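So the structure is just underneath, and the comments pick up after that.
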Amino acid sequence: MEINCANNMVLHTALKYFNSGSGKLGQGASLKPHILTTNVEHDAILLPLRHYETEKLADVDFVPVSMSSGQVLVEEIEKLIKPNTCLVTVMLANNETGVIMPVAEISRKIRELNEIRQKEGLCRILIHTDAAQAIGKISVDVEELGVDYLTIVGHKFYGPRIGALFVKEMAEDSTPLYPMFFGGGQERGLRPGTENTPMIHGLGCAAELVSQNLQKYQEAMKKTRDLLEKSLIVEFGENIIVNCDTALRLPNTSSVSFRETTMTGGEILSRCPHLMASTGAACHGTGKPSVILMASGVSCEDARSAVRLSVGRDTAPAEIEQIVQMLKLALKRD
């Protein structure tokens, strides 16, 4: 299962769950399902929800994150909950800034509200997190997070390009899941088609390695990422800023903006042919200033010159020095 399919399945389930009657207890039948998310989600969440809005299938609120930290605040989520809210979906970590979201705290608040809503005959609010960026970099425990659904994808933690969807207590039928496709009985009738066994096995092996070595991976990446940022600051001084550096971030991700340059982040990287980096989400670069960065408090000018750098488990100090020198040379030619 691809990450897009997994996320879409959760969104589809939320609509089906609400429209089946579960969401209309004590409500007028004319109410549409209401979904809450943030304004910095990956397009795998944002675009389907915008489609739902366009087709008038659901009401959606895109909760703004803090302009100082890039994190969404629990109280901002709570403010926008309505009687017809059926799903809250918040990414565990942002793919551009690396900012880690307070998903566990959000889940605790939603569970408290669900107890009250049950007594009032209102729809249970389902909780989902897209954890694609987080697996392999920080500890991800579905029990600690308290979510009903969690999506992952293998290539973010050195596995094959296949995704998976965790569903809490599905065996006891306490968490709904509805199929989007029909035509076979595979995966309990929820997703037809012959399973890709080698890819599934590869995903499991990659996850097992993470479980066994997470602390080592995490410490190595953070040490290298910190060296990268320190080296860039030493080299460029006030002409570089690290975006969202006051927030809790993934240990491998660094979003930096260059000042005193007329070049965009894409133009800077075009002069570094041996540097594999991006100006935003690697899967959908547009050449425009990142709306995710600007939503996170980065000015349009700084977002325009932003570059996202990610270190790996085996990135060496010598490679960090090469990166700094490549960027220095690229910006000298401005």
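Every chain in the structure tokens has a letter given in the order shown (A, B, ...), and although residue numbers restart at 1 in each chain, ligands are simply numbered from 1 in the order shown.
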
- Message: With only C-alpha atoms as the counted atoms, please give the residues lying no more than 12 Å from A:Leu250, apart from itself and same-chain residues fewer than 6 positions off, as a PyMOL selection string.
- Response: chain A and resi 92-101+131-139+217-219+221-223+225-226+244+309-312

- Item | Those in stretch 60-301 of chain A with helix (DSSP H, G or I) from DSSP, as a ChimeraX atom specification | /A:74-79,103-119,142-145,154-157,170-172,187-189,197-239,265-270,291-295,300-301

- Among listed residues A:His51, A:Asp148, A:Pro64, A:Ile125, nearest A:Lys82 (using only C-alpha atoms): A:Ile125

- Message: I'd like to know which of A:Leu126, A:Met199, A:Leu113, A:Ile45 is closest to A:Thr175, using only C-alpha atoms.
- Response: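 Of A:Leu126, A:Met199, A:Leu113, A:Ile45, the one nearest A:Thr175 is A:Leu126, counting only C-alpha atoms.
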
Need to verify the contact set: A:Gly280, 12 Å, only C-alpha atoms, exclusion of same-chain residues closer than 3 positions in sequence. Can you return it as a PDB file with C-alpha atoms, in the first residue's frame?
ATOM      1  CA  VAL A  40       1.370  22.316   6.925  1.00  0.00           C
ATOM      2  CA  HIS A  42       1.850  16.814   3.200  1.00  0.00           C
ATOM      3  CA  ASP A  43      -0.151  16.952  -0.039  1.00  0.00           C
ATOM      4  CA  ASN A  94       6.813  17.906   9.118  1.00  0.00           C
ATOM      5  CA  ASN A  95       8.655  16.837   6.001  1.00  0.00           C
ATOM      6  CA  GLU A  96      10.130  20.282   5.247  1.00  0.00           C
ATOM      7  CA  THR A  97      11.010  21.753   8.635  1.00  0.00           C
ATOM      8  CA  GLY A  98      11.405  18.548  10.646  1.00  0.00           C
ATOM      9  CA  THR A 253      16.338  17.441   8.920  1.00  0.00           C
ATOM     10  CA  SER A 254      17.561  20.997   8.481  1.00  0.00           C
ATOM     11  CA  SER A 255      15.786  23.756   6.585  1.00  0.00           C
ATOM     12  CA  VAL A 256      18.081  26.719   5.996  1.00  0.00           C
ATOM     13  CA  SER A 257      17.586  30.031   4.206  1.00  0.00           C
ATOM     14  CA  THR A 264      16.222  30.963  -5.172  1.00  0.00           C
ATOM     15  CA  GLY A 265      16.858  27.737  -3.318  1.00  0.00           C
ATOM     16  CA  GLY A 266      16.422  25.864  -6.588  1.00  0.00           C
ATOM     17  CA  LEU A 269      21.056  23.733  -5.711  1.00  0.00           C
ATOM     18  CA  ALA A 277      18.849  18.163  -1.574  1.00  0.00           C
ATOM     19  CA  CYS A 283       8.297  14.690  -4.223  1.00  0.00           C
ATOM     20  CA  HIS A 284       6.613  17.868  -5.475  1.00  0.00           C
ATOM     21  CA  GLY A 285       8.958  20.787  -6.003  1.00  0.00           C
ATOM     22  CA  THR A 286       7.280  23.780  -7.687  1.00  0.00           C
ATOM     23  CA  GLY A 287      10.008  26.423  -7.872  1.00  0.00           C
ATOM     24  CA  LYS A 288       7.883  28.788  -5.792  1.00  0.00           C
ATOM     25  CA  PRO A 289       8.537  29.794  -2.159  1.00  0.00           C
ATOM     26  CA  SER A 290       7.349  27.002   0.106  1.00  0.00           C
ATOM     27  CA  VAL A 291       3.878  27.632   1.498  1.00  0.00           C
ATOM     28  CA  ILE A 292       4.790  25.270   4.351  1.00  0.00           C
ATOM     29  CA  LEU A 293       7.713  27.459   5.396  1.00  0.00           C
ATOM     30  CA  MET A 294       5.676  30.642   5.117  1.00  0.00           C
ATOM     31  CA  ALA A 303      11.375  30.922   1.990  1.00  0.00           C
ATOM     32  CA  ARG A 304      12.434  31.818  -1.552  1.00  0.00           C
ATOM     33  CA  SER A 305      16.091  31.039  -0.804  1.00  0.00           C
ATOM     34  CA  ALA A 306      15.426  28.012   1.417  1.00  0.00           C
ATOM     35  CA  VAL A 307      17.103  24.641   1.002  1.00  0.00           C
ATOM     36  CA  ARG A 308      16.152  21.470   2.848  1.00  0.00           C
ATOM     37  CA  LEU A 309      19.124  19.333   3.824  1.00  0.00           C
ATOM     38  CA  SER A 310      18.784  15.846   5.262  1.00  0.00           C
TER      39      SER A 310
END

- Task: Tell me, as a PyMOL selection string, which residues lie within 12 Å of A:Gly159, counting only C-alpha atoms; anything in the same chain fewer than 5 positions away does not count.
- Result: chain A and resi 132+135-136+152-154+164+198-210

With N, CA and C atoms retained, write the just-selected residues as a tab-separated table (two decimals), in the first residue's frame.
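Everything below was put into part21.tsv:
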chain	number	residue	atom	x	y	z
A	132	ALA	N	5.01	9.26	8.30
A	132	ALA	CA	5.98	8.89	7.26
A	132	ALA	C	7.37	9.42	7.54
A	135	ILE	N	9.27	7.72	11.33
A	135	ILE	CA	9.79	6.37	11.55
A	135	ILE	C	11.27	6.31	11.17
A	136	GLY	N	12.07	5.74	12.05
A	136	GLY	CA	13.50	5.61	11.80
A	136	GLY	C	14.32	6.78	12.30
A	152	ILE	N	2.67	4.85	7.54
A	152	ILE	CA	4.12	4.89	7.39
A	152	ILE	C	4.47	4.54	5.94
A	153	VAL	N	5.71	4.82	5.56
A	153	VAL	CA	6.20	4.43	4.23
A	153	VAL	C	7.65	4.01	4.36
A	154	GLY	N	8.00	2.91	3.68
A	154	GLY	CA	9.28	2.27	3.89
A	154	GLY	C	10.51	3.04	3.47
A	164	ALA	N	2.22	1.33	4.80
A	164	ALA	CA	1.39	0.49	5.64
A	164	ALA	C	0.49	1.38	6.49
A	198	PRO	N	7.41	-9.65	-1.49
A	198	PRO	CA	8.79	-9.20	-1.26
A	198	PRO	C	8.86	-7.79	-0.66
A	199	MET	N	8.01	-6.90	-1.14
A	199	MET	CA	8.03	-5.54	-0.61
A	199	MET	C	7.54	-5.51	0.84
A	200	ILE	N	6.53	-6.29	1.13
A	200	ILE	CA	6.01	-6.36	2.50
A	200	ILE	C	7.09	-6.90	3.43
A	201	HIS	N	7.78	-7.94	2.99
A	201	HIS	CA	8.85	-8.52	3.80
A	201	HIS	C	9.97	-7.50	4.01
A	202	GLY	N	10.31	-6.78	2.95
A	202	GLY	CA	11.35	-5.76	3.06
A	202	GLY	C	10.98	-4.66	4.04
A	203	LEU	N	9.70	-4.26	4.03
A	203	LEU	CA	9.23	-3.25	4.96
A	203	LEU	C	9.38	-3.75	6.40
A	204	GLY	N	9.02	-5.00	6.62
A	204	GLY	CA	9.14	-5.58	7.96
A	204	GLY	C	10.58	-5.66	8.43
A	205	CYS	N	11.48	-6.02	7.52
A	205	CYS	CA	12.90	-6.11	7.88
A	205	CYS	C	13.46	-4.73	8.22
A	206	ALA	N	13.08	-3.72	7.43
A	206	ALA	CA	13.55	-2.36	7.70
A	206	ALA	C	13.03	-1.86	9.05
A	207	ALA	N	11.77	-2.18	9.35
A	207	ALA	CA	11.19	-1.78	10.63
A	207	ALA	C	11.88	-2.49	11.79
A	208	GLU	N	12.23	-3.75	11.58
A	208	GLU	CA	12.92	-4.50	12.63
A	208	GLU	C	14.28	-3.89	12.92
A	209	LEU	N	14.99	-3.47	11.89
A	209	LEU	CA	16.29	-2.82	12.09
A	209	LEU	C	16.13	-1.52	12.88
A	210	VAL	N	15.09	-0.78	12.59
A	210	VAL	CA	14.83	0.45	13.33
A	210	VAL	C	14.57	0.14	14.80

- Task: For atom CA of A:Arg313 and atom CA of A:Leu214, determine how far apart the two atoms are, in Å to one decimal place.
- Result: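 Separating atom CA of A:Arg313 from atom CA of A:Leu214 is a distance of 10.3 Å.
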
- Task: Can you list, as an NGL selection string, all residues belonging to stretch 95-303 of chain A that DSSP tags as strand (DSSP E or B)?
- Result: :A and (99-100 or 126-130 or 135 or 138 or 149-153 or 163-167 or 240-242 or 249 or 253-258 or 278)

- Item | Separation of atom CA of A:Tyr17 from atom CA of A:Lys56 in Å |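 Computed distance, atom CA of A:Lys56 to atom CA of A:Tyr17, equals 16.6 Å.
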
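Considering the residues A:Glu78, A:Asn39, A:Val90, A:Val63 and counting only C-alpha atoms, A:Arg111 has its shortest atom-to-atom contact with A:Glu78.
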
- Query: Which one is closest to A:Thr261: A:Tyr149, A:His274, A:Arg333, A:Pro317? Count only C-alpha atoms.
  - Reply: A:Arg333

- Query: When distances are computed from only C-alpha atoms, which of A:Lys16, A:Arg124, A:Lys328, A:His155 shows the smallest separation from A:Val234?
  - Reply: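 For A:Val234, the nearest of the given residues is A:Lys328.
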
- Task: Would you work out the distance separating atom CA of A:Glu105 from atom CA of A:Thr129, expressed in Å to one decimal?
- Result: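 Going from atom CA of A:Glu105 over to atom CA of A:Thr129 covers 12.4 Å.
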